Amino acid sequence: MQFDNMKHSLSVVMGVRYLREDLSLLERAVRSISNQTYSDFEFLICENGSTNSSRKLLEALVEEDPRIRLIDGTGADTLAKKLNRCIEASHGEWIARQDDDDYSEPERFEKQLDFLKSNPEISFVGCNVKLIQEGEVQGIRKFPQRPVVKDFLFTQPYIHPALIFRKKVLDAVGGYCEEHRCDGCEDYDLLLRLYENGYLGANLTNTYFTYTLPPKGHSNRTFRMRVNEMQTRFVRFRSLGLLPRALPYVIKPVLVGLIPSPFLPALRSLRYSFHSRKKMSCEEE
């Protein structure tokens with residue numbers, strides 16, 4: 001049966017640049033979508049820059065599940081470009097995110113969509129997440145249930161790959177920004193633009209998602225990405241009328257990047273003690 005031109009209520013989008021030799025995380029991520037209790041979806045994967053073995057695995061998984069479609073990733077060298085290509089090719093009323101090394105619990109889509117259908121004032125929804133590092137559970141990251149703009153000052157109050165959006169709001173703000181200043185912080189820019197345009201989000205209190213942290217002593221964020229985030233914070237905070245009061249938060253990503261990595265756990269612990277409601281996003285550090 002061919003599914004390419006069939007309409008589905010939900011479109012799942014994933015940008016892939018998978019370089020690990022171990023393919024288990026990639027396979028786990030894709031299968032966690034195929035095994036959702038909510039089954040009326042198409043799964044769009046845009047791949048560019050991965051290993052040959054990663055591409056072969058994706059091709060094999062497409063053969064197993066006709067809901068999965070590979071989107072041409074030629075020239076799509078950033079996550080924003082990959083996701084925009086998936087969204088442009090999508091047919092669903094809703095857009096769900098998933099990254100190539102994370103895991104969605106089987107009921108994730110069902111629970112998030114039930115919430116969105118029952119709360120028409122909410123444009124996108126995430127959830128609390130389990131943190132895993134090198135195969136070991138590190139804890140649960142909890143987020144505000146109804147984040148407001150001030151929750152973005154220190155860090156982002158959502159986990160990007162755990163979100164489901166109403167597609168119409170992504171269309172309304174033009175999708176992900178592909179400017180170089182958004183490389184590595186495309187989600188931060190998108191969510192603040194949504195809030196700037198009056199679209200609100202929420203987080204479910206249950207843990208329906210597992211987020212994979214980088215190995216100990218490593219970071220997903222280069223110093224260039226931190227500079228990009230500083231620039232993006234300045235642009236978005238200015239548009240939201242938060243400057244100059246929010247200037248200390250604008251430079252925060254670069255300042256954190258200058259702190260030696262052995263001291264970061266102590267910094268996080270100190271922050272938790274003073275800001276129990278706002279939980280630091282895994283994608284920050």
# chains A, B, ... in the order shown; residues from 1 in each chain; ligands from 1
$ residues_around --residues "Asn228 (chain A)" --least-positions-apart "6" --cutoff "9 Å" --atoms "only C-alpha atoms" --output "VMD selection string"
chain A and resid 180 to 185
$ closest_atom_pairs --of "region 77-136 of chain A" --to "region 144-166 of chain A" --cutoff "6 Å" --atoms "only C-alpha atoms" --output "tab-separated table"
residue	atom	partner	partner_atom	distance
A:Trp94	CA	A:Arg166	CA	4.7
A:Ile95	CA	A:Phe165	CA	5.1
A:Ala96	CA	A:Ile164	CA	4.2
A:Arg97	CA	A:Pro161	CA	4.7
A:Gln98	CA	A:Pro161	CA	4.6
A:Asp99	CA	A:Pro161	CA	5.7
A:Ser123	CA	A:Arg166	CA	5.6
A:Phe124	CA	A:Phe165	CA	4.2
A:Val125	CA	A:Leu163	CA	5.4
A:Gly126	CA	A:Leu163	CA	4.4
$ closest_residue --among "A:Glu196, A:Asp22, A:Glu186, A:Glu47" --to "Ala76 (chain A)" --atoms "only C-alpha atoms"
A:Glu47
$ residues_around --residues "region 237-247 of chain A" --least-positions-apart "2" --cutoff "10 Å" --atoms "only C-alpha atoms" --output "MDAnalysis selection string"
chainID A and resid 149:150 152:154 192:193 195:197 230:235 249:252
$ closest_residue --among "A:Cys127, A:Cys46, A:Val227, A:Leu170" --to "Gly75 (chain A)" --atoms "only C-alpha atoms"
A:Cys46
$ atom_distance --atom1 "CA of Ala89 (chain A)" --atom2 "CA of Leu213 (chain A)"
29.8 Å
$ atom_distance --atom1 "CA of Lys167 (chain A)" --atom2 "CA of Ser90 (chain A)"
9.4 Å
$ closest_atom_pairs --of "region 18-105 of chain A" --to "region 133-138 of chain A" --cutoff "12 Å" --atoms "only C-alpha atoms" --output "CSV"
residue,atom,partner,partner_atom,distance
A:Ser24,CA,A:Gly135,CA,11.3
A:Leu25,CA,A:Gly135,CA,10.1
A:Asp101,CA,A:Gln133,CA,11.2
A:Asp102,CA,A:Gln133,CA,11.1
$ residues_around --residues "Lys111 (chain A)" --least-positions-apart "4" --cutoff "12 Å" --atoms "only C-alpha atoms" --output "short mmCIF file (atom, residue, chain, number, x, y, z; two decimals) with N, CA and C atoms, in the first residue's frame"
data_model
loop_
_atom_site.label_atom_id
_atom_site.label_comp_id
_atom_site.auth_asym_id
_atom_site.auth_seq_id
_atom_site.Cartn_x
_atom_site.Cartn_y
_atom_site.Cartn_z
N GLN A 36 3.83 4.09 18.28
CA GLN A 36 2.89 4.94 19.01
C GLN A 36 1.47 4.36 19.01
N THR A 37 0.75 4.56 20.11
CA THR A 37 -0.64 4.11 20.17
C THR A 37 -1.52 4.93 19.24
N TYR A 38 -1.16 6.17 18.98
CA TYR A 38 -1.85 6.99 17.98
C TYR A 38 -1.16 6.73 16.65
N SER A 104 10.38 8.38 22.38
CA SER A 104 9.01 8.77 22.76
C SER A 104 8.28 7.57 23.34
N GLU A 105 7.69 7.76 24.51
CA GLU A 105 6.86 6.69 25.09
C GLU A 105 5.69 6.40 24.15
N PRO A 106 5.18 5.18 24.13
CA PRO A 106 4.14 4.80 23.17
C PRO A 106 2.90 5.69 23.18
N GLU A 107 2.54 6.24 24.33
CA GLU A 107 1.32 7.04 24.43
C GLU A 107 1.58 8.54 24.26
N PHE A 115 -4.68 16.61 24.70
CA PHE A 115 -4.58 17.91 25.39
C PHE A 115 -4.83 19.06 24.43
N LEU A 116 -4.22 19.03 23.26
CA LEU A 116 -4.40 20.12 22.31
C LEU A 116 -5.85 20.23 21.84
N LYS A 117 -6.48 19.10 21.63
CA LYS A 117 -7.88 19.12 21.19
C LYS A 117 -8.81 19.66 22.28
N SER A 118 -8.41 19.47 23.54
CA SER A 118 -9.24 19.94 24.66
C SER A 118 -8.91 21.36 25.08
N VAL A 125 2.45 21.85 22.56
CA VAL A 125 2.54 21.24 23.87
C VAL A 125 3.75 20.31 23.93
N GLY A 126 4.43 20.35 25.08
CA GLY A 126 5.54 19.46 25.36
C GLY A 126 5.20 18.59 26.56
N CYS A 127 6.21 18.17 27.30
CA CYS A 127 5.99 17.34 28.48
C CYS A 127 7.28 17.32 29.29
N LEU A 163 7.94 18.31 21.43
CA LEU A 163 6.79 19.19 21.16
C LEU A 163 5.90 18.68 20.04
N ILE A 164 4.62 19.02 20.14
CA ILE A 164 3.67 18.91 19.03
C ILE A 164 3.05 20.29 18.82
N ASN A 203 3.09 22.45 28.90
CA ASN A 203 3.79 21.19 29.12
C ASN A 203 2.91 20.26 29.94
N LEU A 204 2.82 19.01 29.52
CA LEU A 204 2.15 18.01 30.33
C LEU A 204 3.06 17.62 31.49
N THR A 205 2.44 17.30 32.62
CA THR A 205 3.24 16.99 33.81
C THR A 205 3.78 15.56 33.80
N ASN A 206 3.24 14.72 32.92
CA ASN A 206 3.75 13.35 32.82
C ASN A 206 5.02 13.30 31.99
N THR A 207 5.77 12.22 32.14
CA THR A 207 7.03 12.04 31.43
C THR A 207 6.81 11.09 30.26
N TYR A 208 6.65 11.67 29.07
CA TYR A 208 6.38 10.87 27.88
C TYR A 208 7.56 10.86 26.91
N PHE A 209 8.73 11.34 27.36
CA PHE A 209 9.85 11.51 26.44
C PHE A 209 11.16 11.27 27.18
#
$ closest_residue --among "A:Gly92, A:Pro66, A:Gly257, A:Pro248" --to "Asn220 (chain A)" --atoms "only C-alpha atoms"
A:Gly257
$ select_by_dssp --residues "region 47-198 of chain A" --states "alpha helix (DSSP H)" --output "PyMOL selection string"
chain A and resi 52-64+79-89+108-118+167-172+186-196
$ select_by_dssp --residues "region 118-209 of chain A" --states "strand (DSSP E)" --output "ChimeraX atom specification"
/A:122-133,136-141,164-166,200-209
$ atom_distance --atom1 "CA of Gly174 (chain A)" --atom2 "CA of Val62 (chain A)"
28.9 Å
$ residues_around --residues "Leu61 (chain A)" --least-positions-apart "2" --cutoff "12 Å" --atoms "only C-alpha atoms" --output "ChimeraX atom specification"
/A:26-34,43,45,54-59,63-70
$ write_last_selection --atoms "N, CA and C atoms" --output "PDB file, in the first residue's frame"
ATOM      1  N   LEU A  26      19.551   5.575  16.971  1.00  0.00           N
ATOM      2  CA  LEU A  26      18.770   5.961  15.792  1.00  0.00           C
ATOM      3  C   LEU A  26      17.614   4.992  15.572  1.00  0.00           C
ATOM      4  N   GLU A  27      17.902   3.715  15.653  1.00  0.00           N
ATOM      5  CA  GLU A  27      16.833   2.733  15.464  1.00  0.00           C
ATOM      6  C   GLU A  27      15.782   2.849  16.566  1.00  0.00           C
ATOM      7  N   ARG A  28      16.235   3.039  17.806  1.00  0.00           N
ATOM      8  CA  ARG A  28      15.293   3.197  18.918  1.00  0.00           C
ATOM      9  C   ARG A  28      14.392   4.404  18.706  1.00  0.00           C
ATOM     10  N   ALA A  29      14.975   5.519  18.240  1.00  0.00           N
ATOM     11  CA  ALA A  29      14.206   6.745  18.035  1.00  0.00           C
ATOM     12  C   ALA A  29      13.112   6.538  16.989  1.00  0.00           C
ATOM     13  N   VAL A  30      13.476   5.944  15.858  1.00  0.00           N
ATOM     14  CA  VAL A  30      12.503   5.748  14.779  1.00  0.00           C
ATOM     15  C   VAL A  30      11.423   4.757  15.194  1.00  0.00           C
ATOM     16  N   ARG A  31      11.826   3.668  15.820  1.00  0.00           N
ATOM     17  CA  ARG A  31      10.837   2.663  16.228  1.00  0.00           C
ATOM     18  C   ARG A  31       9.904   3.196  17.316  1.00  0.00           C
ATOM     19  N   SER A  32      10.378   4.127  18.132  1.00  0.00           N
ATOM     20  CA  SER A  32       9.500   4.687  19.168  1.00  0.00           C
ATOM     21  C   SER A  32       8.353   5.473  18.537  1.00  0.00           C
ATOM     22  N   ILE A  33       8.559   5.968  17.317  1.00  0.00           N
ATOM     23  CA  ILE A  33       7.469   6.638  16.602  1.00  0.00           C
ATOM     24  C   ILE A  33       6.563   5.601  15.950  1.00  0.00           C
ATOM     25  N   SER A  34       7.144   4.622  15.299  1.00  0.00           N
ATOM     26  CA  SER A  34       6.336   3.577  14.658  1.00  0.00           C
ATOM     27  C   SER A  34       5.434   2.866  15.651  1.00  0.00           C
ATOM     28  N   PHE A  43       5.526  10.049   8.842  1.00  0.00           N
ATOM     29  CA  PHE A  43       6.796  10.294   9.523  1.00  0.00           C
ATOM     30  C   PHE A  43       7.805  10.718   8.456  1.00  0.00           C
ATOM     31  N   ILE A  45      11.443  12.146   7.397  1.00  0.00           N
ATOM     32  CA  ILE A  45      12.828  12.199   7.858  1.00  0.00           C
ATOM     33  C   ILE A  45      13.681  12.826   6.770  1.00  0.00           C
ATOM     34  N   SER A  54      24.049   4.623   8.573  1.00  0.00           N
ATOM     35  CA  SER A  54      22.837   5.283   9.072  1.00  0.00           C
ATOM     36  C   SER A  54      21.793   5.379   7.970  1.00  0.00           C
ATOM     37  N   ARG A  55      22.228   5.749   6.776  1.00  0.00           N
ATOM     38  CA  ARG A  55      21.301   5.861   5.642  1.00  0.00           C
ATOM     39  C   ARG A  55      20.688   4.502   5.311  1.00  0.00           C
ATOM     40  N   LYS A  56      21.507   3.459   5.332  1.00  0.00           N
ATOM     41  CA  LYS A  56      21.008   2.122   5.031  1.00  0.00           C
ATOM     42  C   LYS A  56      19.979   1.679   6.067  1.00  0.00           C
ATOM     43  N   LEU A  57      20.229   2.015   7.332  1.00  0.00           N
ATOM     44  CA  LEU A  57      19.268   1.680   8.378  1.00  0.00           C
ATOM     45  C   LEU A  57      17.938   2.395   8.128  1.00  0.00           C
ATOM     46  N   LEU A  58      17.993   3.686   7.807  1.00  0.00           N
ATOM     47  CA  LEU A  58      16.760   4.435   7.539  1.00  0.00           C
ATOM     48  C   LEU A  58      16.004   3.829   6.359  1.00  0.00           C
ATOM     49  N   GLU A  59      16.720   3.467   5.323  1.00  0.00           N
ATOM     50  CA  GLU A  59      16.074   2.854   4.156  1.00  0.00           C
ATOM     51  C   GLU A  59      15.397   1.542   4.537  1.00  0.00           C
ATOM     52  N   GLU A  63      11.186   0.493   4.591  1.00  0.00           N
ATOM     53  CA  GLU A  63      10.594  -0.711   4.025  1.00  0.00           C
ATOM     54  C   GLU A  63       9.660  -1.390   5.027  1.00  0.00           C
ATOM     55  N   GLU A  64       9.972  -1.277   6.308  1.00  0.00           N
ATOM     56  CA  GLU A  64       9.144  -1.900   7.342  1.00  0.00           C
ATOM     57  C   GLU A  64       7.858  -1.128   7.608  1.00  0.00           C
ATOM     58  N   ASP A  65       7.919   0.207   7.532  1.00  0.00           N
ATOM     59  CA  ASP A  65       6.775   1.042   7.909  1.00  0.00           C
ATOM     60  C   ASP A  65       6.495   2.042   6.791  1.00  0.00           C
ATOM     61  N   PRO A  66       5.448   1.827   5.995  1.00  0.00           N
ATOM     62  CA  PRO A  66       5.154   2.708   4.855  1.00  0.00           C
ATOM     63  C   PRO A  66       4.741   4.118   5.253  1.00  0.00           C
ATOM     64  N   ARG A  67       4.532   4.361   6.558  1.00  0.00           N
ATOM     65  CA  ARG A  67       4.224   5.734   6.994  1.00  0.00           C
ATOM     66  C   ARG A  67       5.465   6.615   7.008  1.00  0.00           C
ATOM     67  N   ILE A  68       6.656   5.996   6.944  1.00  0.00           N
ATOM     68  CA  ILE A  68       7.914   6.748   6.968  1.00  0.00           C
ATOM     69  C   ILE A  68       8.288   7.159   5.553  1.00  0.00           C
ATOM     70  N   ARG A  69       8.630   8.433   5.383  1.00  0.00           N
ATOM     71  CA  ARG A  69       9.098   8.940   4.091  1.00  0.00           C
ATOM     72  C   ARG A  69      10.435   9.640   4.282  1.00  0.00           C
ATOM     73  N   LEU A  70      11.394   9.349   3.406  1.00  0.00           N
ATOM     74  CA  LEU A  70      12.670  10.051   3.416  1.00  0.00           C
ATOM     75  C   LEU A  70      12.562  11.262   2.500  1.00  0.00           C
TER      76      LEU A  70
END
$ closest_residue --among "A:Thr74, A:Asn119, A:Ser9, A:Thr51" --to "Ala202 (chain A)" --atoms "only C-alpha atoms"
A:Asn119
$ decode --residues "region 48-163 of chain A" --atoms "C-alpha atoms" --output "PDB file, in the first residue's frame"
ATOM      1  CA  ASN A  48      22.019  14.951   5.263  1.00  0.00           C
ATOM      2  CA  GLY A  49      25.606  14.317   6.365  1.00  0.00           C
ATOM      3  CA  SER A  50      25.072  10.957   8.088  1.00  0.00           C
ATOM      4  CA  THR A  51      27.177   7.813   7.769  1.00  0.00           C
ATOM      5  CA  ASN A  52      26.400   5.303   5.023  1.00  0.00           C
ATOM      6  CA  SER A  53      25.313   2.761   7.641  1.00  0.00           C
ATOM      7  CA  SER A  54      22.837   5.283   9.072  1.00  0.00           C
ATOM      8  CA  ARG A  55      21.301   5.861   5.642  1.00  0.00           C
ATOM      9  CA  LYS A  56      21.008   2.122   5.031  1.00  0.00           C
ATOM     10  CA  LEU A  57      19.268   1.680   8.378  1.00  0.00           C
ATOM     11  CA  LEU A  58      16.760   4.435   7.539  1.00  0.00           C
ATOM     12  CA  GLU A  59      16.074   2.854   4.156  1.00  0.00           C
ATOM     13  CA  ALA A  60      15.443  -0.488   5.856  1.00  0.00           C
ATOM     14  CA  LEU A  61      13.059   1.083   8.367  1.00  0.00           C
ATOM     15  CA  VAL A  62      11.133   2.742   5.520  1.00  0.00           C
ATOM     16  CA  GLU A  63      10.594  -0.711   4.025  1.00  0.00           C
ATOM     17  CA  GLU A  64       9.144  -1.900   7.342  1.00  0.00           C
ATOM     18  CA  ASP A  65       6.775   1.042   7.909  1.00  0.00           C
ATOM     19  CA  PRO A  66       5.154   2.708   4.855  1.00  0.00           C
ATOM     20  CA  ARG A  67       4.224   5.734   6.994  1.00  0.00           C
ATOM     21  CA  ILE A  68       7.914   6.748   6.968  1.00  0.00           C
ATOM     22  CA  ARG A  69       9.098   8.940   4.091  1.00  0.00           C
ATOM     23  CA  LEU A  70      12.670  10.051   3.416  1.00  0.00           C
ATOM     24  CA  ILE A  71      12.858  13.683   2.294  1.00  0.00           C
ATOM     25  CA  ASP A  72      15.726  14.778   0.032  1.00  0.00           C
ATOM     26  CA  GLY A  73      18.292  16.469   2.271  1.00  0.00           C
ATOM     27  CA  THR A  74      20.607  17.757  -0.466  1.00  0.00           C
ATOM     28  CA  GLY A  75      21.909  21.159   0.642  1.00  0.00           C
ATOM     29  CA  ALA A  76      20.054  21.008   3.972  1.00  0.00           C
ATOM     30  CA  ASP A  77      23.101  21.455   6.184  1.00  0.00           C
ATOM     31  CA  THR A  78      21.288  22.727   9.296  1.00  0.00           C
ATOM     32  CA  LEU A  79      18.491  21.347  11.435  1.00  0.00           C
ATOM     33  CA  ALA A  80      16.264  24.318  10.575  1.00  0.00           C
ATOM     34  CA  LYS A  81      16.554  23.603   6.850  1.00  0.00           C
ATOM     35  CA  LYS A  82      15.848  19.906   7.345  1.00  0.00           C
ATOM     36  CA  LEU A  83      12.772  20.566   9.478  1.00  0.00           C
ATOM     37  CA  ASN A  84      11.409  23.192   7.088  1.00  0.00           C
ATOM     38  CA  ARG A  85      11.698  20.734   4.216  1.00  0.00           C
ATOM     39  CA  CYS A  86       9.757  18.160   6.206  1.00  0.00           C
ATOM     40  CA  ILE A  87       7.074  20.676   7.151  1.00  0.00           C
ATOM     41  CA  GLU A  88       6.720  21.860   3.540  1.00  0.00           C
ATOM     42  CA  ALA A  89       6.173  18.250   2.436  1.00  0.00           C
ATOM     43  CA  SER A  90       3.777  17.428   5.281  1.00  0.00           C
ATOM     44  CA  HIS A  91       0.019  16.927   5.099  1.00  0.00           C
ATOM     45  CA  GLY A  92      -0.969  16.837   8.762  1.00  0.00           C
ATOM     46  CA  GLU A  93      -2.968  19.289  10.850  1.00  0.00           C
ATOM     47  CA  TRP A  94      -0.413  18.778  13.619  1.00  0.00           C
ATOM     48  CA  ILE A  95       3.399  18.708  13.513  1.00  0.00           C
ATOM     49  CA  ALA A  96       5.282  16.539  16.015  1.00  0.00           C
ATOM     50  CA  ARG A  97       9.028  16.711  16.616  1.00  0.00           C
ATOM     51  CA  GLN A  98      11.441  13.883  17.292  1.00  0.00           C
ATOM     52  CA  ASP A  99      15.248  13.788  17.304  1.00  0.00           C
ATOM     53  CA  ASP A 100      17.359  10.882  16.080  1.00  0.00           C
ATOM     54  CA  ASP A 101      18.771   9.883  19.482  1.00  0.00           C
ATOM     55  CA  ASP A 102      15.726  10.366  21.720  1.00  0.00           C
ATOM     56  CA  TYR A 103      12.774   8.173  22.637  1.00  0.00           C
ATOM     57  CA  SER A 104       9.014   8.765  22.756  1.00  0.00           C
ATOM     58  CA  GLU A 105       6.863   6.695  25.087  1.00  0.00           C
ATOM     59  CA  PRO A 106       4.137   4.796  23.167  1.00  0.00           C
ATOM     60  CA  GLU A 107       1.320   7.042  24.427  1.00  0.00           C
ATOM     61  CA  ARG A 108       3.125  10.366  23.840  1.00  0.00           C
ATOM     62  CA  PHE A 109       1.212  11.422  20.707  1.00  0.00           C
ATOM     63  CA  GLU A 110      -2.127  10.234  22.050  1.00  0.00           C
ATOM     64  CA  LYS A 111      -1.800  12.211  25.298  1.00  0.00           C
ATOM     65  CA  GLN A 112      -0.426  15.395  23.705  1.00  0.00           C
ATOM     66  CA  LEU A 113      -3.072  15.458  20.982  1.00  0.00           C
ATOM     67  CA  ASP A 114      -5.854  14.859  23.501  1.00  0.00           C
ATOM     68  CA  PHE A 115      -4.582  17.909  25.393  1.00  0.00           C
ATOM     69  CA  LEU A 116      -4.399  20.125  22.307  1.00  0.00           C
ATOM     70  CA  LYS A 117      -7.883  19.123  21.192  1.00  0.00           C
ATOM     71  CA  SER A 118      -9.241  19.935  24.664  1.00  0.00           C
ATOM     72  CA  ASN A 119      -7.367  23.250  24.958  1.00  0.00           C
ATOM     73  CA  PRO A 120      -7.866  25.272  21.754  1.00  0.00           C
ATOM     74  CA  GLU A 121      -6.081  28.295  23.253  1.00  0.00           C
ATOM     75  CA  ILE A 122      -2.814  26.310  23.357  1.00  0.00           C
ATOM     76  CA  SER A 123      -0.807  26.191  20.109  1.00  0.00           C
ATOM     77  CA  PHE A 124       1.862  23.661  21.054  1.00  0.00           C
ATOM     78  CA  VAL A 125       2.541  21.236  23.874  1.00  0.00           C
ATOM     79  CA  GLY A 126       5.537  19.456  25.364  1.00  0.00           C
ATOM     80  CA  CYS A 127       5.988  17.344  28.480  1.00  0.00           C
ATOM     81  CA  ASN A 128       8.394  16.552  31.272  1.00  0.00           C
ATOM     82  CA  VAL A 129      11.308  14.373  30.172  1.00  0.00           C
ATOM     83  CA  LYS A 130      13.563  11.636  31.475  1.00  0.00           C
ATOM     84  CA  LEU A 131      17.286  12.309  31.084  1.00  0.00           C
ATOM     85  CA  ILE A 132      19.662   9.540  29.985  1.00  0.00           C
ATOM     86  CA  GLN A 133      23.437   9.798  29.704  1.00  0.00           C
ATOM     87  CA  GLU A 134      25.576   6.924  28.459  1.00  0.00           C
ATOM     88  CA  GLY A 135      22.682   4.531  29.069  1.00  0.00           C
ATOM     89  CA  GLU A 136      22.052   5.601  32.676  1.00  0.00           C
ATOM     90  CA  VAL A 137      19.034   7.559  33.911  1.00  0.00           C
ATOM     91  CA  GLN A 138      20.114  10.917  35.311  1.00  0.00           C
ATOM     92  CA  GLY A 139      16.735  12.105  36.545  1.00  0.00           C
ATOM     93  CA  ILE A 140      13.573  13.872  35.393  1.00  0.00           C
ATOM     94  CA  ARG A 141      13.510  17.370  33.963  1.00  0.00           C
ATOM     95  CA  LYS A 142      10.321  19.189  34.962  1.00  0.00           C
ATOM     96  CA  PHE A 143       9.006  22.291  33.199  1.00  0.00           C
ATOM     97  CA  PRO A 144       6.388  24.963  33.932  1.00  0.00           C
ATOM     98  CA  GLN A 145       2.928  23.757  32.951  1.00  0.00           C
ATOM     99  CA  ARG A 146       2.006  27.058  31.286  1.00  0.00           C
ATOM    100  CA  PRO A 147       5.265  28.891  30.473  1.00  0.00           C
ATOM    101  CA  VAL A 148       5.216  32.650  30.001  1.00  0.00           C
ATOM    102  CA  VAL A 149       7.779  34.898  28.321  1.00  0.00           C
ATOM    103  CA  LYS A 150       9.770  35.491  31.515  1.00  0.00           C
ATOM    104  CA  ASP A 151      10.398  31.726  31.724  1.00  0.00           C
ATOM    105  CA  PHE A 152      12.589  32.077  28.619  1.00  0.00           C
ATOM    106  CA  LEU A 153      14.990  34.531  30.241  1.00  0.00           C
ATOM    107  CA  PHE A 154      17.386  32.092  31.861  1.00  0.00           C
ATOM    108  CA  THR A 155      16.677  29.128  29.605  1.00  0.00           C
ATOM    109  CA  GLN A 156      14.044  27.593  27.402  1.00  0.00           C
ATOM    110  CA  PRO A 157      11.057  26.112  29.301  1.00  0.00           C
ATOM    111  CA  TYR A 158      10.498  23.323  26.758  1.00  0.00           C
ATOM    112  CA  ILE A 159      12.360  20.402  25.241  1.00  0.00           C
ATOM    113  CA  HIS A 160      12.183  21.011  21.506  1.00  0.00           C
ATOM    114  CA  PRO A 161      11.995  17.390  20.223  1.00  0.00           C
ATOM    115  CA  ALA A 162       9.174  16.617  22.690  1.00  0.00           C
ATOM    116  CA  LEU A 163       6.793  19.190  21.161  1.00  0.00           C
TER     117      LEU A 163
END
